[in-house]
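A.B. asks: Sending over data-v4.cif (mmCIF, C-alpha atoms and all ligand atoms).
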```cif
data_my_file
loop_
_atom_site.label_atom_id
_atom_site.label_comp_id
_atom_site.auth_asym_id
_atom_site.auth_seq_id
_atom_site.Cartn_x
_atom_site.Cartn_y
_atom_site.Cartn_z
CA MET A 1 129.96 -73.17 22.33
CA ASN A 2 127.66 -75.15 20.04
CA TYR A 3 124.77 -72.74 19.61
CA VAL A 4 126.00 -69.27 20.49
CA PHE A 5 128.31 -67.15 18.33
CA GLY A 6 129.69 -63.63 18.60
CA PRO A 7 128.85 -61.03 19.63
CA VAL A 8 129.24 -59.86 16.07
CA SER A 9 129.04 -56.27 15.00
CA SER A 10 125.82 -55.59 13.10
CA LYS A 11 124.66 -52.35 11.48
CA ARG A 12 121.11 -52.98 12.67
CA LEU A 13 121.60 -54.63 16.05
CA GLY A 14 124.94 -53.28 17.31
CA GLN A 15 126.90 -55.98 19.18
CA SER A 16 124.65 -58.93 18.49
CA LEU A 17 125.04 -62.29 20.22
CA GLY A 18 123.79 -64.86 17.71
CA VAL A 19 121.99 -68.03 18.77
CA ASP A 20 121.69 -70.70 16.07
CA LEU A 21 118.90 -73.14 16.85
CA LEU A 22 118.96 -75.38 13.79
CA PRO A 23 121.05 -77.97 11.97
CA SER A 24 122.13 -76.55 8.61
CA LYS A 25 120.10 -76.18 6.51
CA SER A 26 116.55 -76.51 7.83
CA CYS A 27 114.20 -74.23 5.97
CA THR A 28 110.71 -73.81 4.58
CA TRP A 29 112.09 -71.76 1.70
CA ASN A 30 114.87 -72.09 -0.87
CA CYS A 31 115.70 -68.46 -1.64
CA ILE A 32 117.72 -67.63 -4.73
CA TYR A 33 119.92 -65.37 -2.58
CA CYS A 34 120.53 -67.82 0.29
CA GLN A 35 124.07 -67.74 1.67
CA LEU A 36 123.66 -71.32 2.90
CA GLY A 37 123.19 -72.77 -0.58
CA ARG A 38 120.27 -74.72 -1.97
CA THR A 39 117.69 -76.25 0.37
CA LYS A 40 118.19 -79.96 -0.30
CA GLU A 41 115.08 -81.02 1.58
CA TYR A 42 112.42 -78.68 2.91
CA VAL A 43 111.74 -78.81 6.64
CA THR A 44 108.22 -77.69 7.51
CA GLU A 45 107.48 -79.32 10.87
CA ARG A 46 108.53 -77.60 14.07
CA ARG A 47 110.86 -79.60 16.27
CA GLU A 48 113.11 -79.15 19.29
CA PHE A 49 116.22 -79.93 17.25
CA TYR A 50 118.53 -79.59 20.28
CA PRO A 51 117.76 -79.60 24.03
CA LYS A 52 116.55 -76.11 24.90
CA GLU A 53 118.17 -76.24 28.36
CA GLU A 54 121.62 -76.66 26.74
CA ILE A 55 121.01 -73.65 24.49
CA LEU A 56 119.84 -71.51 27.40
CA ALA A 57 122.88 -72.49 29.47
CA GLU A 58 125.22 -71.32 26.67
CA ILE A 59 123.40 -68.00 26.31
CA LEU A 60 123.48 -67.30 30.04
CA GLU A 61 127.14 -68.31 30.32
CA THR A 62 128.08 -65.86 27.54
CA VAL A 63 126.00 -63.07 29.07
CA ALA A 64 127.65 -63.72 32.47
CA SER A 65 131.12 -63.45 30.87
CA GLY A 66 130.56 -59.68 30.66
CA LYS A 67 131.09 -59.34 26.89
CA PRO A 68 129.38 -56.21 25.56
CA ILE A 69 126.08 -57.37 24.05
CA ASP A 70 123.38 -55.04 22.65
CA TRP A 71 120.99 -57.73 21.41
CA ILE A 72 120.56 -61.48 21.82
CA THR A 73 119.51 -62.57 18.35
CA PHE A 74 117.86 -65.88 17.51
CA VAL A 75 118.82 -66.72 13.98
CA GLY A 76 119.03 -70.17 12.48
CA SER A 77 120.86 -72.06 9.80
CA GLY A 78 117.47 -71.97 8.14
CA GLU A 79 114.09 -70.82 9.45
CA THR A 80 114.39 -69.89 13.14
CA THR A 81 110.75 -70.46 14.12
CA LEU A 82 111.04 -74.14 13.13
CA TYR A 83 112.63 -74.54 16.57
CA LYS A 84 109.80 -75.61 18.82
CA GLY A 85 111.27 -74.34 22.11
CA LEU A 86 111.70 -70.79 20.81
CA GLY A 87 108.97 -69.25 22.98
CA TRP A 88 110.37 -70.91 26.10
CA LEU A 89 113.89 -69.71 25.28
CA ILE A 90 112.78 -66.11 24.70
CA SER A 91 110.87 -66.13 27.96
CA GLU A 92 113.76 -67.61 29.97
CA VAL A 93 116.28 -65.17 28.48
CA LYS A 94 113.97 -62.25 29.29
CA LYS A 95 113.71 -63.45 32.90
CA ALA A 96 117.49 -63.67 33.24
CA THR A 97 118.69 -60.49 31.55
CA GLU A 98 117.55 -57.07 30.41
CA ILE A 99 119.39 -57.38 27.09
CA PRO A 100 116.76 -57.12 24.35
CA VAL A 101 115.93 -60.16 22.26
CA ALA A 102 115.52 -60.19 18.47
CA VAL A 103 114.31 -62.96 16.18
CA ILE A 104 115.35 -63.08 12.53
CA THR A 105 112.86 -65.19 10.59
CA ASN A 106 111.57 -65.61 7.06
CA GLY A 107 108.07 -65.27 8.59
CA SER A 108 106.71 -68.30 6.77
CA LEU A 109 105.24 -69.85 9.93
CA LEU A 110 103.49 -66.72 11.19
CA SER A 111 100.17 -68.07 9.96
CA ASP A 112 100.50 -70.57 12.86
CA PRO A 113 98.93 -69.06 16.03
CA GLU A 114 101.39 -70.97 18.23
CA VAL A 115 104.37 -69.37 16.47
CA ARG A 116 102.85 -65.92 16.75
CA ARG A 117 102.24 -66.47 20.47
CA GLU A 118 105.81 -67.63 21.04
CA LEU A 119 107.22 -64.46 19.48
CA LEU A 120 105.16 -62.00 21.50
CA GLU A 121 107.81 -61.50 24.19
CA ALA A 122 110.64 -60.76 21.72
CA ASP A 123 111.67 -57.10 21.62
CA ALA A 124 112.08 -57.12 17.84
CA VAL A 125 111.00 -59.54 15.13
CA LEU A 126 112.54 -59.24 11.66
CA PRO A 127 110.58 -61.24 9.07
CA SER A 128 111.20 -61.18 5.31
CA LEU A 129 109.03 -59.91 2.53
CA ASN A 130 110.77 -59.90 -0.82
CA ALA A 131 107.84 -59.75 -3.21
CA GLY A 132 104.45 -58.12 -3.50
CA SER A 133 103.05 -60.71 -5.91
CA ALA A 134 102.65 -64.49 -5.85
CA GLU A 135 104.65 -64.87 -9.03
CA LEU A 136 107.73 -63.06 -7.73
CA PHE A 137 107.40 -64.69 -4.31
CA GLU A 138 107.64 -68.12 -5.96
CA ARG A 139 110.57 -67.00 -8.09
CA ILE A 140 112.62 -65.49 -5.26
CA ASP A 141 111.78 -67.55 -2.17
CA ARG A 142 110.92 -70.88 -3.82
CA PRO A 143 108.85 -72.06 -0.82
CA ALA A 144 107.87 -75.60 0.18
CA PRO A 145 104.51 -76.74 -1.24
CA GLY A 146 101.62 -75.09 0.60
CA PHE A 147 103.66 -72.08 1.75
CA THR A 148 101.90 -69.69 -0.58
CA PHE A 149 102.27 -65.94 -0.97
CA GLU A 150 98.74 -65.42 0.39
CA ARG A 151 99.55 -67.49 3.48
CA HIS A 152 102.79 -65.55 4.01
CA VAL A 153 101.16 -62.13 3.78
CA GLU A 154 98.24 -63.20 5.96
CA GLY A 155 100.69 -64.45 8.62
CA LEU A 156 102.49 -61.10 8.62
CA ARG A 157 99.19 -59.23 8.82
CA LEU A 158 97.90 -61.29 11.74
CA PHE A 159 101.20 -60.99 13.58
CA ARG A 160 101.16 -57.22 13.17
CA GLN A 161 97.70 -57.09 14.74
CA GLU A 162 98.87 -59.05 17.79
CA TYR A 163 102.46 -57.89 18.23
CA ARG A 164 103.04 -54.55 19.94
CA ARG A 165 106.84 -54.40 19.87
CA LYS A 166 109.25 -53.71 17.00
CA LEU A 167 108.27 -55.32 13.72
CA TRP A 168 111.06 -54.66 11.26
CA ILE A 169 110.41 -56.18 7.84
CA GLU A 170 113.43 -57.07 5.73
CA VAL A 171 113.25 -56.65 1.98
CA MET A 172 116.06 -58.16 -0.09
CA LEU A 173 116.41 -56.18 -3.30
CA ILE A 174 117.80 -58.15 -6.26
CA LYS A 175 118.85 -56.71 -9.58
CA GLY A 176 116.55 -57.59 -12.45
CA VAL A 177 114.22 -59.58 -10.17
CA ASN A 178 112.33 -57.32 -7.76
CA ASP A 179 113.78 -53.86 -8.48
CA SER A 180 111.45 -52.88 -11.36
CA GLU A 181 108.85 -50.13 -10.95
CA ALA A 182 106.05 -52.71 -10.98
CA ALA A 183 107.72 -54.95 -8.39
CA LEU A 184 108.43 -51.99 -6.08
CA ALA A 185 104.83 -50.77 -6.44
CA ASP A 186 103.47 -54.24 -5.53
CA LEU A 187 105.80 -54.46 -2.54
CA VAL A 188 104.94 -51.04 -1.16
CA ALA A 189 101.22 -51.84 -1.42
CA VAL A 190 101.66 -54.94 0.77
CA LEU A 191 104.03 -53.17 3.17
CA SER A 192 101.57 -50.29 3.61
CA ASP A 193 98.88 -52.79 4.48
CA ILE A 194 101.00 -54.65 7.06
CA LYS A 195 102.33 -51.46 8.69
CA PRO A 196 105.72 -52.54 10.06
CA ASP A 197 107.53 -50.20 12.46
CA MET A 198 110.42 -50.09 10.05
CA ILE A 199 111.53 -51.50 6.71
CA HIS A 200 115.08 -52.77 6.45
CA LEU A 201 116.23 -52.73 2.87
CA VAL A 202 118.94 -55.37 2.49
CA LEU A 203 121.19 -56.06 -0.47
CA PRO A 204 122.98 -59.16 -1.72
CA SER A 205 126.38 -57.93 -0.61
CA ARG A 206 128.25 -61.21 -1.11
CA PRO A 207 128.19 -63.68 -3.96
CA THR A 208 125.62 -66.38 -3.29
CA PRO A 209 126.30 -70.08 -3.86
CA GLU A 210 123.73 -70.22 -6.66
CA GLY A 211 124.87 -66.94 -8.19
CA TYR A 212 121.36 -65.71 -8.93
CA ALA A 213 121.32 -62.56 -6.83
CA PRO A 214 123.19 -59.58 -8.26
CA MET A 215 123.36 -56.24 -6.45
CA PRO A 216 120.88 -53.69 -7.87
CA ASP A 217 122.19 -50.56 -9.55
CA GLU A 218 122.48 -47.53 -7.32
CA ASP A 219 119.59 -45.68 -8.96
CA ARG A 220 117.25 -48.67 -8.35
CA ILE A 221 118.28 -48.79 -4.69
CA ARG A 222 117.54 -45.09 -4.30
CA ARG A 223 114.26 -45.50 -6.13
CA ALA A 224 113.30 -48.32 -3.73
CA VAL A 225 114.26 -46.16 -0.74
CA PHE A 226 111.99 -43.40 -2.00
CA ILE A 227 109.04 -45.67 -2.75
CA PHE A 228 109.25 -47.76 0.45
CA SER A 229 109.61 -44.76 2.71
CA ALA A 230 105.96 -43.98 1.94
CA ALA A 231 105.03 -47.14 3.92
CA ALA A 232 107.31 -46.90 6.98
CA PRO A 233 110.62 -45.43 8.19
CA LEU A 234 113.35 -47.11 6.26
CA LEU A 235 116.84 -48.33 7.05
CA ASN A 236 118.76 -47.44 3.94
CA PRO A 237 121.83 -49.57 3.24
CA ALA A 238 123.12 -47.09 0.66
CA LYS A 239 122.79 -44.04 2.90
CA GLY A 240 125.74 -41.71 2.83
CA GLU A 241 127.41 -43.59 0.00
CA MET A 242 126.63 -41.02 -2.69
CA THR A 243 129.69 -39.23 -4.02
CA LEU A 244 129.79 -36.25 -6.34
CA GLY A 245 133.29 -36.72 -7.75
CA SER A 246 134.24 -33.10 -8.36
CA ALA A 247 133.01 -29.58 -7.73
CA ASP A 248 132.99 -28.84 -11.48
CA ASN A 249 129.53 -28.79 -13.08
CA LEU A 250 127.90 -29.51 -9.74
CA LEU A 251 124.47 -28.44 -10.95
CA GLU A 252 124.66 -30.79 -13.95
CA THR A 253 125.87 -33.67 -11.80
CA VAL A 254 123.14 -33.24 -9.18
CA SER A 255 120.47 -32.69 -11.85
CA GLY A 256 121.58 -35.89 -13.58
CA ILE A 257 121.22 -37.89 -10.36
CA ALA A 258 117.87 -36.33 -9.44
CA ALA A 259 116.57 -37.05 -12.94
CA ARG A 260 117.07 -40.79 -12.32
CA HIS A 261 115.76 -40.97 -8.77
CA PRO A 262 114.63 -38.62 -5.99
CA LEU A 263 117.59 -37.39 -4.02
CA GLN A 264 117.38 -37.41 -0.24
CA GLU A 265 118.41 -33.99 1.07
CA GLU A 266 120.51 -35.49 3.88
CA GLU A 267 122.44 -37.59 1.37
CA LEU A 268 123.09 -34.62 -0.86
CA GLN A 269 124.35 -32.68 2.14
CA ALA A 270 126.60 -35.62 3.19
CA ALA A 271 127.99 -35.88 -0.35
CA LEU A 272 128.80 -32.15 -0.37
CA GLU A 273 130.45 -32.49 3.03
CA LYS A 274 132.69 -35.21 1.57
CA LEU A 275 133.49 -32.95 -1.39
CA PHE A 276 134.27 -29.81 0.62
CA ILE A 277 135.88 -31.41 3.65
CA GLY A 278 135.80 -29.08 6.67
CA ASP A 279 134.28 -26.14 4.73
CA ALA A 280 130.76 -25.89 6.15
CA ALA A 281 130.18 -22.47 4.55
CA LYS A 282 130.91 -23.91 1.09
CA VAL A 283 128.51 -26.79 1.71
CA GLU A 284 125.73 -24.41 2.72
CA GLU A 285 126.44 -22.06 -0.18
CA SER A 286 126.35 -24.98 -2.65
CA MET A 287 123.05 -26.28 -1.29
CA LEU A 288 121.53 -22.82 -1.67
CA ALA A 289 122.96 -22.30 -5.15
CA LEU A 290 121.72 -25.68 -6.33
CA PHE A 291 118.19 -25.11 -5.08
CA SER A 292 118.09 -21.52 -6.36
CA SER A 293 118.72 -22.86 -9.86
CA GLY A 294 114.99 -23.53 -9.98
CA ARG A 295 115.52 -27.04 -11.38
CA PHE A 296 114.37 -28.88 -8.26
CA GLU A 297 111.38 -29.10 -6.04
CA LYS A 298 111.28 -30.62 -2.58
CA VAL A 299 108.92 -33.43 -1.59
CA ARG A 300 108.52 -34.79 1.94
CA GLN A 301 108.10 -38.55 2.22
CA GLY A 302 108.67 -40.94 5.12
CA GLY A 303 110.05 -38.16 7.34
CA HIS A 304 112.71 -37.14 4.79
CA LEU A 305 112.99 -34.33 2.27
CA TYR A 306 113.71 -35.40 -1.30
CA TRP A 307 114.81 -33.27 -4.22
CA ILE A 308 113.15 -34.12 -7.49
CA ILE A 309 113.53 -32.55 -10.91
CA LYS A 310 110.71 -30.14 -11.73
CA ALA A 311 108.42 -31.44 -14.45
S1 LIG A 401 114.70 -68.12 4.38
FE1 LIG A 401 116.81 -67.69 4.90
S2 LIG A 401 117.74 -69.69 5.31
FE2 LIG A 401 115.81 -70.08 4.24
S3 LIG A 401 116.38 -70.25 2.12
FE3 LIG A 401 115.81 -68.12 2.47
S4 LIG A 401 117.71 -67.05 2.96
FE4 LIG A 401 118.10 -69.27 3.18
#
```
Show me, as structure tokens, the structure contained in the file I just sent.
Ligand code: SF4

C.D. replies:
Amino acid sequence: MNYVFGPVSSKRLGQSLGVDLLPSKSCTWNCIYCQLGRTKEYVTERREFYPKEEILAEILETVASGKPIDWITFVGSGETTLYKGLGWLISEVKKATEIPVAVITNGSLLSDPEVRRELLEADAVLPSLNAGSAELFERIDRPAPGFTFERHVEGLRLFRQEYRRKLWIEVMLIKGVNDSEAALADLVAVLSDIKPDMIHLVLPSRPTPEGYAPMPDEDRIRRAVFIFSAAAPLLNPAKGEMTLGSADNLLETVSGIAARHPLQEEELQAALEKLFIGDAAKVEESMLALFSSGRFEKVRQGGHLYWIIKA
């Protein structure tokens, strides 16, 4: 197989059959967190890099093999929508199978009406938005000349107006770069305007070739989760990872966490369940005792209840 890989297990797309449409690395951006290394030469013109019939044949052969596949995901060694036959491929795959189709893209070509049209049949489109200001956009995504922040946001906005299926925007959170209060506030303003169906918060989980993308601290991740969930439902990469260590001084521990960032009630419950394994009564009793302390108030945001420290 030259173009198809997997299926690979993905938190967001289950068993995902990847389809790589591009020679590495063909991209309009040069992100500081890119796993593929530095963009040596920007590619900005759309092309049919490989014969689309060959790619389709590989996809259909893999589907016919009976492997369990939840999604067929177009994802390139670079920017997926640079592949000019993408719309044709999506359409042919949809005719041949009921497996849903996703497209992972940086979204930089969405200002092009042809690209937007080609994506309309996809069941989910996952573009990136890593900054809510031109300055941070340039610093993080380092786009080719002409691919401005304004053009990027306008492309996302126009696509949202035309696209009725799942628009899941990916935000890569990077320590010391876009995890400040100001950067999160700028991002949520743009996200609220675009109105995606969901926000996928993603983290630099592996070292990147350029080494510029450290993982944010846990309290910044939780702060981002809280702020972004005002704009859309959020896929939280850190969910369920909170641990409380010990049952001693539980009130102090939980107060200390809630003082740094709002605490999602479900996460607190999950952390108590990890602490008091198999003792549901103890979990419930602890939740009640903590709240009865009077130190917290509950705030509903993005469909979740958060505990915050009373002013
Ligand atoms: S858009 Fe994707 S492929 Fe292009 S530079 Fe950024 S991370 Fe790498």

A.B. asks: Considering only C-alpha atoms, can you say which of A:Ser286, A:Thr44, A:Thr97, A:Thr39 comes closest to Ala64 of chain A?

C.D. replies: A:Thr97

A.B. asks: Counting all atoms listed in the file, what residues are within 6 Å of ligand LIG 401 (chain A), given as a ChimeraX atom specification?

C.D. replies: /A:27,29-31,34,36,77-79,106

A.B. asks: Could you list, as a ChimeraX atom specification, every residue within 8 Å of Met198 of chain A, counting all atoms listed in the file and ignoring same-chain residues fewer than 2 positions away?

C.D. replies: /A:166-169,196,200,232-235

A.B. asks: Would you mind exporting the chosen residues as a PDB file, keeping the file's coordinate frame, restricted to C-alpha atoms?

C.D. replies:
```
ATOM      1  CA  LYS A 166     109.250 -53.710  17.000  1.00  0.00           C
ATOM      2  CA  LEU A 167     108.270 -55.320  13.720  1.00  0.00           C
ATOM      3  CA  TRP A 168     111.060 -54.660  11.260  1.00  0.00           C
ATOM      4  CA  ILE A 169     110.410 -56.180   7.840  1.00  0.00           C
ATOM      5  CA  PRO A 196     105.720 -52.540  10.060  1.00  0.00           C
ATOM      6  CA  HIS A 200     115.080 -52.770   6.450  1.00  0.00           C
ATOM      7  CA  ALA A 232     107.310 -46.900   6.980  1.00  0.00           C
ATOM      8  CA  PRO A 233     110.620 -45.430   8.190  1.00  0.00           C
ATOM      9  CA  LEU A 234     113.350 -47.110   6.260  1.00  0.00           C
ATOM     10  CA  LEU A 235     116.840 -48.330   7.050  1.00  0.00           C
TER      11      LEU A 235
END
```

A.B. asks: Could you state the separation of atom CA of Val63 of chain A and atom CA of Leu21 of chain A in Å, given to one decimal place?

C.D. replies: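 Taking atom CA of Val63 of chain A and atom CA of Leu21 of chain A, their separation equals 17.4 Å.
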
A.B. asks: Residues within 9 Å of Thr80 of chain A, please, as a PDB file with C-alpha atoms, in the coordinates of the input. Count all atoms listed in the file; anything in the same chain fewer than 4 positions from it doesn't count.

C.D. replies:
```pdb
ATOM      1  CA  ASP A  20     121.690 -70.700  16.070  1.00  0.00           C
ATOM      2  CA  LEU A  21     118.900 -73.140  16.850  1.00  0.00           C
ATOM      3  CA  LEU A  22     118.960 -75.380  13.790  1.00  0.00           C
ATOM      4  CA  SER A  26     116.550 -76.510   7.830  1.00  0.00           C
ATOM      5  CA  CYS A  27     114.200 -74.230   5.970  1.00  0.00           C
ATOM      6  CA  PHE A  74     117.860 -65.880  17.510  1.00  0.00           C
ATOM      7  CA  VAL A  75     118.820 -66.720  13.980  1.00  0.00           C
ATOM      8  CA  GLY A  76     119.030 -70.170  12.480  1.00  0.00           C
ATOM      9  CA  LEU A  86     111.700 -70.790  20.810  1.00  0.00           C
ATOM     10  CA  VAL A 103     114.310 -62.960  16.180  1.00  0.00           C
ATOM     11  CA  ILE A 104     115.350 -63.080  12.530  1.00  0.00           C
ATOM     12  CA  THR A 105     112.860 -65.190  10.590  1.00  0.00           C
ATOM     13  CA  ASN A 106     111.570 -65.610   7.060  1.00  0.00           C
TER      14      ASN A 106
END
```

A.B. asks: Nearest to Gly18 of chain A among A:Val101, A:Val299, A:Leu126, A:Leu89, with distances taken over all atoms listed in the file: which residue is it?

C.D. replies: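 Looking at the shortest contact to Gly18 of chain A, the residue is A:Val101.
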
A.B. asks: If you measure from atom CA of Gly245 of chain A to atom CA of Ile277 of chain A, what distance in Å do you get, rounded to one decimal?

C.D. replies: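 Interatomic distance here is 12.8 Å.
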
A.B. asks: For atom CA of Gln15 of chain A and atom CA of Leu60 of chain A, quote the distance in Å rounded to one decimal.

C.D. replies: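 Between atom CA of Gln15 of chain A and atom CA of Leu60 of chain A the gap works out to 16.1 Å.
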
A.B. asks: From the options A:Ile309, A:Ala183, A:Val283, A:Val4, which residue's atoms come nearest to Ile55 of chain A, counting all atoms listed in the file?

C.D. replies: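 Ranking A:Ile309, A:Ala183, A:Val283, A:Val4 by distance to Ile55 of chain A, first place goes to A:Val4.
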
A.B. asks: Of the candidates A:Arg160, A:Arg222, A:Lys67, A:Arg38, which one gets nearest to Arg142 of chain A if we count all atoms listed in the file?

C.D. replies: A:Arg38

A.B. asks: Can you work out which one of A:Ile72, A:Tyr163, A:Ala102, A:Val177 has the shortest atom-to-atom distance to Glu135 of chain A, counting all atoms listed in the file?

C.D. replies: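 The shortest atom-to-atom distance to Glu135 of chain A comes from A:Val177.
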
A.B. asks: Determine the nearest neighbour of Ala270 of chain A from the options A:Leu290, A:Leu244, A:Ile257, A:Ile227, counting all atoms listed in the file.

C.D. replies: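 Among the listed residues, A:Leu244 lies closest to Ala270 of chain A.
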
A.B. asks: Quick one: segment 224-251 of chain A from the block, N, CA and C atoms, as a compact mmCIF listing (two decimals), in the first residue's frame.

C.D. replies:
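Saved result, out26.txt, follows:
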```txt
# COMPACT_ATOMS: atom_id res chain seq x y z
N ALA A 224 -7.76 26.26 29.95
CA ALA A 224 -8.18 26.31 28.54
C ALA A 224 -9.48 25.55 28.35
N VAL A 225 -9.59 24.40 28.99
CA VAL A 225 -10.82 23.60 28.88
C VAL A 225 -12.01 24.43 29.35
N PHE A 226 -11.83 25.10 30.47
CA PHE A 226 -12.92 25.90 31.03
C PHE A 226 -13.28 27.05 30.09
N ILE A 227 -12.29 27.75 29.62
CA ILE A 227 -12.57 28.93 28.78
C ILE A 227 -13.17 28.50 27.44
N PHE A 228 -12.59 27.50 26.79
CA PHE A 228 -13.08 27.09 25.46
C PHE A 228 -14.47 26.49 25.52
N SER A 229 -14.81 25.86 26.63
CA SER A 229 -16.12 25.20 26.67
C SER A 229 -17.27 26.21 26.66
N ALA A 230 -16.94 27.49 26.76
CA ALA A 230 -17.99 28.52 26.59
C ALA A 230 -18.36 28.65 25.11
N ALA A 231 -17.45 28.22 24.21
CA ALA A 231 -17.69 28.41 22.76
C ALA A 231 -18.33 27.19 22.11
N ALA A 232 -17.99 26.00 22.59
CA ALA A 232 -18.52 24.76 21.97
C ALA A 232 -18.19 23.59 22.88
N PRO A 233 -18.88 22.45 22.71
CA PRO A 233 -18.48 21.25 23.46
C PRO A 233 -17.01 20.95 23.16
N LEU A 234 -16.34 20.43 24.17
CA LEU A 234 -14.89 20.33 24.04
C LEU A 234 -14.40 18.91 24.30
N LEU A 235 -13.51 18.44 23.45
CA LEU A 235 -12.85 17.17 23.72
C LEU A 235 -11.60 17.49 24.52
N ASN A 236 -11.59 16.98 25.74
CA ASN A 236 -10.56 17.35 26.70
C ASN A 236 -9.50 16.26 26.79
N PRO A 237 -8.29 16.54 26.35
CA PRO A 237 -7.27 15.48 26.36
C PRO A 237 -6.86 15.09 27.77
N ALA A 238 -7.07 15.98 28.73
CA ALA A 238 -6.61 15.71 30.10
C ALA A 238 -7.69 15.07 30.95
N LYS A 239 -8.86 14.85 30.36
CA LYS A 239 -10.00 14.38 31.15
C LYS A 239 -9.70 13.07 31.88
N GLY A 240 -10.08 13.05 33.13
CA GLY A 240 -9.92 11.83 33.90
C GLY A 240 -8.50 11.60 34.39
N GLU A 241 -7.60 12.53 34.10
CA GLU A 241 -6.21 12.31 34.49
C GLU A 241 -5.88 12.91 35.86
N MET A 242 -6.86 13.63 36.45
CA MET A 242 -6.58 14.27 37.73
C MET A 242 -6.48 13.20 38.83
N THR A 243 -5.44 13.31 39.65
CA THR A 243 -5.34 12.40 40.79
C THR A 243 -5.23 13.23 42.07
N LEU A 244 -5.73 12.65 43.16
CA LEU A 244 -5.74 13.40 44.42
C LEU A 244 -4.68 12.91 45.40
N GLY A 245 -3.95 11.88 45.04
CA GLY A 245 -2.83 11.44 45.88
C GLY A 245 -3.27 10.68 47.11
N SER A 246 -3.85 11.37 48.09
CA SER A 246 -4.23 10.69 49.33
C SER A 246 -5.51 11.29 49.89
N ALA A 247 -6.15 10.52 50.78
CA ALA A 247 -7.41 10.99 51.36
C ALA A 247 -7.18 12.00 52.48
N ASP A 248 -5.92 12.15 52.91
CA ASP A 248 -5.63 13.12 53.98
C ASP A 248 -5.78 14.54 53.43
N ASN A 249 -6.31 15.42 54.23
CA ASN A 249 -6.45 16.84 53.84
C ASN A 249 -7.11 17.03 52.48
N LEU A 250 -8.16 16.24 52.25
CA LEU A 250 -8.84 16.28 50.95
C LEU A 250 -9.36 17.67 50.63
N LEU A 251 -9.93 18.32 51.64
CA LEU A 251 -10.50 19.65 51.40
C LEU A 251 -9.41 20.63 50.97
```
